[in-house]
$ cat final11.cif   # mmCIF, C-alpha atoms and all ligand atoms
data_protein
loop_
_atom_site.group_PDB
_atom_site.id
_atom_site.type_symbol
_atom_site.label_atom_id
_atom_site.label_comp_id
_atom_site.auth_asym_id
_atom_site.auth_seq_id
_atom_site.Cartn_x
_atom_site.Cartn_y
_atom_site.Cartn_z
ATOM 1 C CA THR A 1 64.730 -128.712 -151.213
ATOM 2 C CA SER A 2 62.510 -128.297 -148.280
ATOM 3 C CA ASP A 3 62.756 -125.859 -145.425
ATOM 4 C CA LYS A 4 60.859 -128.250 -143.173
ATOM 5 C CA SER A 5 62.694 -128.867 -139.941
ATOM 6 C CA ALA A 6 63.759 -132.393 -138.977
ATOM 7 C CA MET A 7 61.012 -132.310 -136.382
ATOM 8 C CA ASP A 8 58.443 -132.808 -139.114
ATOM 9 C CA VAL A 9 59.716 -136.291 -139.935
ATOM 10 C CA PRO A 10 59.741 -138.821 -137.113
ATOM 11 C CA SER A 11 63.106 -140.580 -137.094
ATOM 12 C CA THR A 12 61.555 -143.843 -135.889
ATOM 13 C CA PRO A 13 58.065 -145.017 -136.713
ATOM 14 C CA PRO A 14 55.627 -144.569 -133.836
ATOM 15 C CA PRO A 15 54.763 -147.816 -131.966
ATOM 16 C CA MET A 16 51.745 -149.488 -133.464
ATOM 17 C CA MET A 17 48.778 -148.482 -131.366
ATOM 18 C CA LEU A 18 46.670 -151.472 -130.453
ATOM 19 C CA THR A 19 43.068 -151.071 -129.371
ATOM 20 C CA GLN A 20 42.046 -152.257 -125.927
ATOM 21 C CA ASP A 21 40.120 -155.102 -127.558
ATOM 22 C CA GLU A 22 43.234 -156.217 -129.470
ATOM 23 C CA LEU A 23 45.192 -156.259 -126.208
ATOM 24 C CA LYS A 24 42.446 -158.363 -124.613
ATOM 25 C CA ARG A 25 42.623 -160.817 -127.509
ATOM 26 C CA ILE A 26 46.415 -161.069 -127.240
ATOM 27 C CA ALA A 27 46.196 -161.880 -123.509
ATOM 28 C CA ALA A 28 43.409 -164.389 -124.147
ATOM 29 C CA HIS A 29 45.281 -166.247 -126.881
ATOM 30 C CA LYS A 30 48.379 -166.427 -124.697
ATOM 31 C CA ALA A 31 46.312 -168.041 -121.936
ATOM 32 C CA VAL A 32 44.888 -170.626 -124.321
ATOM 33 C CA ASP A 33 48.485 -171.773 -124.935
ATOM 34 C CA PHE A 34 48.173 -173.379 -121.466
ATOM 35 C CA VAL A 35 45.232 -175.531 -122.608
ATOM 36 C CA GLU A 36 45.905 -179.189 -123.383
ATOM 37 C CA SER A 37 43.677 -181.874 -124.861
ATOM 38 C CA GLY A 38 41.637 -183.758 -122.268
ATOM 39 C CA MET A 39 41.358 -180.814 -119.861
ATOM 40 C CA VAL A 40 38.299 -179.698 -117.926
ATOM 41 C CA LEU A 41 38.228 -175.922 -118.421
ATOM 42 C CA GLY A 42 36.526 -173.109 -116.517
ATOM 43 C CA LEU A 43 35.283 -170.667 -119.149
ATOM 44 C CA GLY A 44 35.200 -167.062 -117.954
ATOM 45 C CA THR A 45 32.817 -164.228 -118.728
ATOM 46 C CA GLY A 46 33.322 -160.799 -120.284
ATOM 47 C CA SER A 47 34.858 -159.116 -123.277
ATOM 48 C CA THR A 48 38.342 -160.561 -122.603
ATOM 49 C CA ALA A 49 37.245 -164.105 -121.732
ATOM 50 C CA LYS A 50 35.113 -164.269 -124.844
ATOM 51 C CA HIS A 51 38.303 -164.145 -126.939
ATOM 52 C CA ALA A 52 39.647 -167.158 -125.006
ATOM 53 C CA VAL A 53 36.416 -169.105 -125.520
ATOM 54 C CA ALA A 54 36.472 -168.254 -129.235
ATOM 55 C CA ARG A 55 40.091 -169.446 -129.506
ATOM 56 C CA ILE A 56 39.305 -172.733 -127.731
ATOM 57 C CA GLY A 57 36.404 -173.261 -130.151
ATOM 58 C CA GLU A 58 38.703 -172.534 -133.090
ATOM 59 C CA LEU A 59 41.383 -175.005 -131.917
ATOM 60 C CA LEU A 60 38.732 -177.695 -131.380
ATOM 61 C CA ARG A 61 37.375 -177.108 -134.862
ATOM 62 C CA GLN A 62 40.871 -177.372 -136.317
ATOM 63 C CA GLY A 63 41.445 -180.638 -134.432
ATOM 64 C CA LYS A 64 44.373 -179.088 -132.513
ATOM 65 C CA LEU A 65 42.542 -179.712 -129.208
ATOM 66 C CA GLU A 66 40.459 -182.765 -128.321
ATOM 67 C CA ASN A 67 38.300 -184.028 -125.467
ATOM 68 C CA ILE A 68 37.811 -180.643 -123.842
ATOM 69 C CA VAL A 69 35.008 -180.160 -121.319
ATOM 70 C CA GLY A 70 34.037 -176.549 -120.596
ATOM 71 C CA ILE A 71 32.378 -175.321 -117.405
ATOM 72 C CA PRO A 72 30.850 -171.906 -118.238
ATOM 73 C CA THR A 73 30.778 -169.155 -115.612
ATOM 74 C CA SER A 74 27.613 -167.525 -117.006
ATOM 75 C CA LYS A 75 24.640 -168.118 -119.269
ATOM 76 C CA LYS A 76 26.221 -165.792 -121.808
ATOM 77 C CA THR A 77 29.426 -167.824 -121.940
ATOM 78 C CA GLN A 78 27.353 -171.006 -122.075
ATOM 79 C CA GLU A 79 25.596 -169.664 -125.202
ATOM 80 C CA GLN A 80 28.889 -168.684 -126.837
ATOM 81 C CA ALA A 81 30.511 -172.050 -126.044
ATOM 82 C CA LEU A 82 27.497 -173.994 -127.321
ATOM 83 C CA SER A 83 27.511 -171.983 -130.545
ATOM 84 C CA LEU A 84 31.164 -173.010 -131.027
ATOM 85 C CA GLY A 85 30.501 -176.681 -130.331
ATOM 86 C CA ILE A 86 32.488 -176.779 -127.072
ATOM 87 C CA PRO A 87 31.202 -179.724 -124.960
ATOM 88 C CA LEU A 88 29.884 -178.372 -121.635
ATOM 89 C CA SER A 89 29.326 -179.711 -118.152
ATOM 90 C CA ASP A 90 29.077 -178.392 -114.586
ATOM 91 C CA LEU A 91 30.718 -178.536 -111.167
ATOM 92 C CA ASP A 92 28.427 -181.330 -109.972
ATOM 93 C CA ALA A 93 29.837 -183.618 -112.662
ATOM 94 C CA HIS A 94 33.369 -182.147 -112.580
ATOM 95 C CA PRO A 95 34.157 -180.844 -109.092
ATOM 96 C CA VAL A 96 37.834 -180.400 -109.970
ATOM 97 C CA ILE A 97 38.760 -178.185 -112.919
ATOM 98 C CA ASP A 98 42.178 -178.333 -114.544
ATOM 99 C CA LEU A 99 42.360 -174.743 -115.701
ATOM 100 C CA SER A 100 40.109 -171.681 -115.654
ATOM 101 C CA ILE A 101 40.680 -168.625 -117.842
ATOM 102 C CA ASP A 102 38.882 -165.366 -117.076
ATOM 103 C CA GLY A 103 39.220 -161.593 -117.159
ATOM 104 C CA ALA A 104 39.212 -159.212 -114.192
ATOM 105 C CA ASP A 105 38.260 -155.628 -113.456
ATOM 106 C CA GLU A 106 41.261 -154.887 -111.247
ATOM 107 C CA VAL A 107 44.491 -156.724 -110.403
ATOM 108 C CA ASP A 108 46.862 -155.677 -107.605
ATOM 109 C CA PRO A 109 50.598 -156.505 -107.330
ATOM 110 C CA HIS A 110 49.770 -159.588 -105.173
ATOM 111 C CA LEU A 111 47.400 -160.830 -107.923
ATOM 112 C CA ASN A 112 44.297 -160.138 -105.833
ATOM 113 C CA LEU A 113 41.381 -159.262 -108.091
ATOM 114 C CA VAL A 114 38.126 -157.410 -108.302
ATOM 115 C CA LYS A 115 35.677 -159.193 -110.560
ATOM 116 C CA GLY A 116 31.974 -159.020 -111.235
ATOM 117 C CA ARG A 117 31.429 -155.749 -113.002
ATOM 118 C CA GLY A 118 29.912 -158.035 -115.644
ATOM 119 C CA GLY A 119 27.686 -159.519 -112.941
ATOM 120 C CA SER A 120 28.935 -163.128 -112.973
ATOM 121 C CA LEU A 121 31.042 -163.101 -109.825
ATOM 122 C CA LEU A 122 29.303 -165.926 -107.950
ATOM 123 C CA ARG A 123 29.647 -168.609 -110.622
ATOM 124 C CA GLU A 124 33.114 -167.302 -111.432
ATOM 125 C CA LYS A 125 34.217 -167.623 -107.819
ATOM 126 C CA MET A 126 32.752 -171.124 -107.471
ATOM 127 C CA ILE A 127 34.330 -172.386 -110.695
ATOM 128 C CA GLU A 128 37.660 -170.592 -110.407
ATOM 129 C CA GLY A 129 37.922 -171.609 -106.753
ATOM 130 C CA ALA A 130 37.594 -175.245 -107.833
ATOM 131 C CA SER A 131 40.390 -174.907 -110.389
ATOM 132 C CA LYS A 132 43.893 -176.312 -110.049
ATOM 133 C CA LYS A 133 45.122 -173.354 -112.110
ATOM 134 C CA PHE A 134 43.386 -170.007 -112.605
ATOM 135 C CA VAL A 135 44.826 -167.827 -115.367
ATOM 136 C CA VAL A 136 43.628 -164.222 -115.436
ATOM 137 C CA ILE A 137 43.759 -162.266 -118.687
ATOM 138 C CA VAL A 138 43.786 -158.466 -118.742
ATOM 139 C CA ASP A 139 44.956 -155.482 -120.685
ATOM 140 C CA GLU A 140 47.288 -153.206 -118.746
ATOM 141 C CA SER A 141 44.508 -150.741 -117.803
ATOM 142 C CA LYS A 142 43.331 -153.260 -115.177
ATOM 143 C CA MET A 143 46.542 -153.132 -113.118
ATOM 144 C CA VAL A 144 46.121 -151.134 -109.874
ATOM 145 C CA LYS A 145 48.097 -150.577 -106.673
ATOM 146 C CA HIS A 146 45.152 -151.406 -104.406
ATOM 147 C CA ILE A 147 41.963 -153.158 -105.435
ATOM 148 C CA GLY A 148 38.640 -151.583 -104.568
ATOM 149 C CA GLY A 149 39.915 -148.136 -103.738
ATOM 150 C CA SER A 150 39.834 -146.775 -107.257
ATOM 151 C CA LYS A 151 36.324 -145.316 -107.045
ATOM 152 C CA LEU A 152 35.268 -148.055 -109.471
ATOM 153 C CA ALA A 153 32.734 -150.489 -108.141
ATOM 154 C CA LEU A 154 33.366 -153.394 -105.821
ATOM 155 C CA PRO A 155 30.343 -155.582 -106.701
ATOM 156 C CA VAL A 156 28.459 -157.575 -104.065
ATOM 157 C CA GLU A 157 25.774 -160.113 -104.999
ATOM 158 C CA ILE A 158 22.801 -159.993 -102.625
ATOM 159 C CA VAL A 159 19.432 -161.725 -102.421
ATOM 160 C CA PRO A 160 16.521 -159.637 -103.780
ATOM 161 C CA PHE A 161 14.587 -159.848 -100.479
ATOM 162 C CA CYS A 162 14.690 -156.370 -98.863
ATOM 163 C CA CYS A 163 17.593 -155.350 -101.087
ATOM 164 C CA LYS A 164 17.539 -151.719 -99.903
ATOM 165 C CA PHE A 165 18.010 -152.898 -96.326
ATOM 166 C CA THR A 166 21.018 -155.032 -97.305
ATOM 167 C CA ALA A 167 22.496 -152.245 -99.440
ATOM 168 C CA GLU A 168 22.248 -149.880 -96.470
ATOM 169 C CA LYS A 169 23.875 -152.456 -94.152
ATOM 170 C CA LEU A 170 26.720 -152.770 -96.657
ATOM 171 C CA ARG A 171 27.109 -148.997 -96.829
ATOM 172 C CA GLU A 172 27.207 -148.767 -93.019
ATOM 173 C CA LEU A 173 29.779 -151.557 -92.829
ATOM 174 C CA MET A 174 32.024 -149.844 -95.379
ATOM 175 C CA ASP A 175 31.360 -146.279 -94.166
ATOM 176 C CA GLY A 176 34.930 -145.955 -92.895
ATOM 177 C CA TYR A 177 36.164 -146.257 -96.481
ATOM 178 C CA GLY A 178 33.892 -143.494 -97.773
ATOM 179 C CA CYS A 179 31.387 -145.868 -99.310
ATOM 180 C CA GLU A 180 28.503 -145.182 -101.616
ATOM 181 C CA ALA A 181 26.408 -148.322 -102.227
ATOM 182 C CA LYS A 182 24.235 -148.405 -105.347
ATOM 183 C CA LEU A 183 21.856 -151.119 -106.421
ATOM 184 C CA ARG A 184 22.905 -151.986 -109.985
ATOM 185 C CA LEU A 185 20.207 -151.208 -112.557
ATOM 186 C CA GLY A 186 19.966 -152.552 -116.074
ATOM 187 C CA GLY A 187 17.125 -155.013 -115.768
ATOM 188 C CA GLU A 188 13.876 -154.717 -117.697
ATOM 189 C CA LYS A 189 12.255 -151.242 -117.664
ATOM 190 C CA GLY A 190 15.059 -149.751 -115.603
ATOM 191 C CA LYS A 191 14.598 -152.281 -112.814
ATOM 192 C CA ALA A 192 17.416 -153.950 -110.907
ATOM 193 C CA PHE A 193 19.974 -155.986 -112.828
ATOM 194 C CA VAL A 194 19.301 -159.674 -112.164
ATOM 195 C CA THR A 195 22.224 -162.132 -112.061
ATOM 196 C CA ASP A 196 22.151 -165.625 -113.567
ATOM 197 C CA ASN A 197 21.291 -166.829 -110.054
ATOM 198 C CA GLY A 198 18.241 -164.563 -109.743
ATOM 199 C CA ASN A 199 20.021 -162.185 -107.358
ATOM 200 C CA TYR A 200 20.850 -158.465 -107.381
ATOM 201 C CA ILE A 201 24.176 -156.629 -107.320
ATOM 202 C CA VAL A 202 25.144 -153.743 -105.055
ATOM 203 C CA ASP A 203 28.088 -151.753 -106.436
ATOM 204 C CA MET A 204 30.161 -150.243 -103.658
ATOM 205 C CA TYR A 205 32.162 -147.162 -104.605
ATOM 206 C CA LEU A 206 34.966 -146.628 -102.112
ATOM 207 C CA GLU A 207 37.045 -143.510 -101.609
ATOM 208 C CA LYS A 208 39.759 -145.175 -99.529
ATOM 209 C CA ASP A 209 41.820 -148.356 -99.785
ATOM 210 C CA MET A 210 40.474 -151.233 -97.736
ATOM 211 C CA GLY A 211 43.725 -152.146 -96.026
ATOM 212 C CA ASP A 212 43.192 -155.651 -94.633
ATOM 213 C CA LEU A 213 41.336 -157.228 -97.542
ATOM 214 C CA GLY A 214 40.811 -160.559 -95.766
ATOM 215 C CA ALA A 215 39.132 -158.864 -92.800
ATOM 216 C CA VAL A 216 36.875 -156.794 -95.064
ATOM 217 C CA SER A 217 36.007 -159.891 -97.097
ATOM 218 C CA ASP A 218 34.988 -161.806 -93.959
ATOM 219 C CA ALA A 219 32.919 -158.887 -92.648
ATOM 220 C CA ILE A 220 31.004 -158.522 -95.934
ATOM 221 C CA LEU A 221 30.299 -162.251 -96.101
ATOM 222 C CA ARG A 222 28.951 -162.233 -92.527
ATOM 223 C CA LEU A 223 26.144 -159.822 -93.453
ATOM 224 C CA PRO A 224 22.818 -161.664 -93.812
ATOM 225 C CA GLY A 225 21.512 -161.120 -97.344
ATOM 226 C CA VAL A 226 24.968 -161.126 -98.921
ATOM 227 C CA VAL A 227 25.636 -164.042 -101.261
ATOM 228 C CA GLU A 228 29.190 -163.235 -102.432
ATOM 229 C CA HIS A 229 31.475 -160.311 -103.197
ATOM 230 C CA GLY A 230 33.803 -159.572 -106.094
ATOM 231 C CA MET A 231 37.147 -159.655 -104.258
ATOM 232 C CA PHE A 232 39.058 -162.717 -105.468
ATOM 233 C CA LEU A 233 41.842 -162.927 -102.899
ATOM 234 C CA ASP A 234 44.772 -165.263 -103.413
ATOM 235 C CA MET A 235 42.965 -167.170 -106.155
ATOM 236 C CA ALA A 236 44.843 -166.327 -109.368
ATOM 237 C CA SER A 237 47.822 -168.556 -110.190
ATOM 238 C CA THR A 238 48.910 -166.485 -113.184
ATOM 239 C CA VAL A 239 47.993 -163.088 -114.604
ATOM 240 C CA ILE A 240 48.681 -162.372 -118.269
ATOM 241 C CA VAL A 241 48.867 -158.635 -118.923
ATOM 242 C CA ALA A 242 48.854 -157.358 -122.500
ATOM 243 C CA GLY A 243 50.159 -153.833 -123.042
ATOM 244 C CA GLU A 244 51.489 -151.634 -125.812
ATOM 245 C CA LEU A 245 55.021 -152.860 -125.107
ATOM 246 C CA GLY A 246 54.205 -156.573 -125.055
ATOM 247 C CA VAL A 247 52.837 -159.310 -122.822
ATOM 248 C CA LYS A 248 53.879 -159.829 -119.211
ATOM 249 C CA ILE A 249 53.185 -163.051 -117.339
ATOM 250 C CA LYS A 250 52.972 -162.732 -113.564
ATOM 251 C CA ASN A 251 52.987 -165.938 -111.547
ATOM 252 C CA LYS A 252 51.914 -166.376 -107.944
HETATM 253 C C1 LIG B 301 32.409 -160.605 -115.122
HETATM 254 C C2 LIG B 301 33.819 -160.364 -114.791
HETATM 255 C C3 LIG B 301 34.749 -160.016 -115.903
HETATM 256 O O1 LIG B 301 35.763 -160.943 -115.959
HETATM 257 C C4 LIG B 301 35.310 -158.668 -115.647
HETATM 258 O O2 LIG B 301 34.232 -157.758 -115.485
HETATM 259 C C5 LIG B 301 36.221 -158.216 -116.782
HETATM 260 O O3 LIG B 301 35.445 -158.003 -117.925
HETATM 261 P P1 LIG B 301 36.062 -157.524 -119.281
HETATM 262 O O4 LIG B 301 36.968 -158.604 -119.762
HETATM 263 O O5 LIG B 301 34.865 -157.314 -120.174
HETATM 264 O O6 LIG B 301 36.809 -156.238 -119.046
HETATM 265 O O7 LIG B 301 34.257 -160.441 -113.679
HETATM 266 O O8 LIG B 301 31.655 -160.838 -113.986
#

$ encode --input "final11.cif" --output "C-alpha cells"
Amino acid sequence: TSDKSAMDVPSTPPPMMLTQDELKRIAAHKAVDFVESGMVLGLGTGSTAKHAVARIGELLRQGKLENIVGIPTSKKTQEQALSLGIPLSDLDAHPVIDLSIDGADEVDPHLNLVKGRGGSLLREKMIEGASKKFVVIVDESKMVKHIGGSKLALPVEIVPFCCKFTAEKLRELMDGYGCEAKLRLGGEKGKAFVTDNGNYIVDMYLEKDMGDLGAVSDAILRLPGVVEHGMFLDMASTVIVAGELGVKIKNK
C-alpha cells in the first residue's frame, strides 16, 4: 500500500506540450493544403514560412503537386526553394499570384498584421499584395489585441542616405505614441542591417496603440526616405493559428 495522496497521480495525462517550432510547422502544413497543382505561389520568409516552403518541395518531389511556380519574398527563401527544386519566377513575369503563404510577427482580431522583423517586408508586401489569396501562418503567441502597441518593433524600411535624419523624422512623427526609433544593426562588423533591396530598417518601439492604423500608415509613407513599413492592413485573406489546443482558421 502507499500513503501517497491522490494528488501525486494525475487523473488525466497532461496535454502534450508542443514546441513553438512544432506549432509553426502545423500551421504551415495546414496552409499548404490550399495549394493546388498549376498555381503561382508567393513564398514567404521566416521560421514559419520555411516549413511551408519545405512542405511544397516535399509534395513536388513526391509528385503530389505539379507545375508550381514560386515567387520568393527574400533571397533566403529563394535559396531554400532552389535547394528543393521548386521552379521560381518573379512579379515581372507573373504579376498575379494565386496564393501566398507567409508568417507574421503580430496579428490583430481584424487580421491586420505586423511583418518584417525578419527584414523582408518590402518584397513580402509587393508579392502578397499581388496575391488573390494571402494565407498567414502563426503560432498563437502572435495573436494580439492591437498591432504595433506591444513594445515589440514596428519595422520601417528606409533608404540608407542620411538614415539618422529619417529615423529622427520617424520618431518625431510617432512621438505621440511614445516612440523610440532604433536603426536595426546586424550587418557586417556591427553595422546596419541591410535588406535584400540594399536598404536599412528602423525599428519603432511604441508605448501606445496607434488607433487609426490607416492614417498612421499614410503618414509614415509620406515621409521622404521611407520605402515601406511593416503594417499589412487588410491584406490577409486567412490566418491559420496553431496552438496547444488545436488549429484555428480565421477568414476575412
Ligand atoms: C519576415 C517576416 C516574417 O514573416 C515574420 O517576421 C515572422 O517570422 P517567424 O515566422 O520567424 O516568426 O515578416 O520579414

$ resolve_selection --input "final11.cif" --expression "the PyMOL selection byres (((chain A and resi 85-96) around 7) and not hetatm)" --output "number ranges by chain"
A: 57, 68-71, 81-84, 97-98, 130-131

$ resolve_selection --input "final11.cif" --expression "the PyMOL selection byres (((chain A and resi 100) around 6) and not hetatm)" --output "number ranges by chain"
A: 41-42, 99, 101, 128, 134

$ residues_near_point --input "final11.cif" --point "(29.9, -141.1, -102.4)" --cutoff "8 Å" --atoms "only C-alpha atoms" --output "PDB file with C-alpha atoms, in the frame of the given file"
ATOM      1  CA  GLY A 178      33.892-143.494 -97.773  1.00  0.00           C
ATOM      2  CA  CYS A 179      31.387-145.868 -99.310  1.00  0.00           C
ATOM      3  CA  GLU A 180      28.503-145.182-101.616  1.00  0.00           C
ATOM      4  CA  TYR A 205      32.162-147.162-104.605  1.00  0.00           C
ATOM      5  CA  LEU A 206      34.966-146.628-102.112  1.00  0.00           C
ATOM      6  CA  GLU A 207      37.045-143.510-101.609  1.00  0.00           C
TER       7      GLU A 207
END

$ closest_atom_pairs --input "final11.cif" --of "chain A" --to "ligand LIG 301 (chain B)" --cutoff "7 Å" --atoms "only C-alpha atoms and all ligand atoms" --output "Markdown table"
| residue | atom | partner | partner_atom | distance |
| --- | --- | --- | --- | --- |
| A:Gly44 | CA | B:LIG301 | O1 | 6.5 |
| A:Thr45 | CA | B:LIG301 | C1 | 5.1 |
| A:Gly46 | CA | B:LIG301 | O5 | 3.8 |
| A:Ser47 | CA | B:LIG301 | O5 | 3.6 |
| A:Thr48 | CA | B:LIG301 | O4 | 3.7 |
| A:Ala49 | CA | B:LIG301 | O4 | 5.8 |
| A:Asp102 | CA | B:LIG301 | O1 | 5.5 |
| A:Gly103 | CA | B:LIG301 | O1 | 3.7 |
| A:Ala104 | CA | B:LIG301 | C5 | 4.1 |
| A:Asp105 | CA | B:LIG301 | C5 | 4.7 |
| A:Lys115 | CA | B:LIG301 | O7 | 3.6 |
| A:Gly116 | CA | B:LIG301 | O8 | 3.3 |
| A:Arg117 | CA | B:LIG301 | O2 | 4.2 |
| A:Gly118 | CA | B:LIG301 | C1 | 3.6 |
| A:Gly119 | CA | B:LIG301 | O8 | 4.3 |
| A:Ser120 | CA | B:LIG301 | O8 | 3.7 |
| A:Leu121 | CA | B:LIG301 | O8 | 4.8 |
| A:Val138 | CA | B:LIG301 | O4 | 6.9 |

$ axis_aligned_box --input "final11.cif" --around "stretch 159-168 of chain A" --padding-each-side "3 Å" --output "AutoDock Vina command-line options"
--center_x 18.5 --center_y -155.8 --center_z -100.1 --size_x 13.9 --size_y 17.8 --size_z 13.5

$ resolve_selection --input "final11.cif" --expression "the PyMOL selection byres (((chain A and resi 16-32) around 10) and not hetatm)" --output "JSON, numbers by chain"
{"A": [13, 14, 15, 33, 34, 35, 36, 47, 48, 49, 50, 51, 52, 53, 54, 55, 56, 59, 99, 100, 101, 102, 103, 134, 135, 136, 137, 138, 139, 140, 141, 238, 239, 240, 241, 242, 243, 244, 245, 246, 247, 248, 249]}

$ residues_around --input "final11.cif" --residues "A:Pro224" --least-positions-apart "2" --cutoff "12 Å" --atoms "all atoms listed in the file" --output "ChimeraX atom specification"
/A:157-163,165-167,169-170,219-222,226-228

$ atom_distance --input "final11.cif" --atom1 "atom CA of A:Asn112" --atom2 "atom CA of A:Lys125"
12.7 Å

$ atom_distance --input "final11.cif" --atom1 "atom CA of A:Ala153" --atom2 "atom CA of A:Lys132"
28.2 Å

$ closest_residue --input "final11.cif" --among "A:Leu152, A:Leu65, A:Leu173, A:Ala236" --to "A:Asn251" --atoms "all atoms listed in the file"
A:Ala236

$ atom_distance --input "final11.cif" --atom1 "atom CA of A:Gln80" --atom2 "atom CA of A:Val40"
17.0 Å

$ closest_residue --input "final11.cif" --among "A:Ala181, A:Val114, A:Ile127, A:Met231" --to "A:Lys142" --atoms "only C-alpha atoms"
A:Val114

$ closest_atom_pairs --input "final11.cif" --of "stretch 50-96 of chain A" --to "stretch 186-200 of chain A" --cutoff "10 Å" --atoms "all atoms listed in the file" --output "JSON lines"
{"residue": "A:Thr73", "atom": "CA", "partner": "A:Asp196", "partner_atom": "CA", "distance": 9.5}
{"residue": "A:Ser74", "atom": "CA", "partner": "A:Asp196", "partner_atom": "CA", "distance": 6.7}
{"residue": "A:Lys75", "atom": "CA", "partner": "A:Asp196", "partner_atom": "CA", "distance": 6.7}
{"residue": "A:Lys76", "atom": "CA", "partner": "A:Asp196", "partner_atom": "CA", "distance": 9.2}
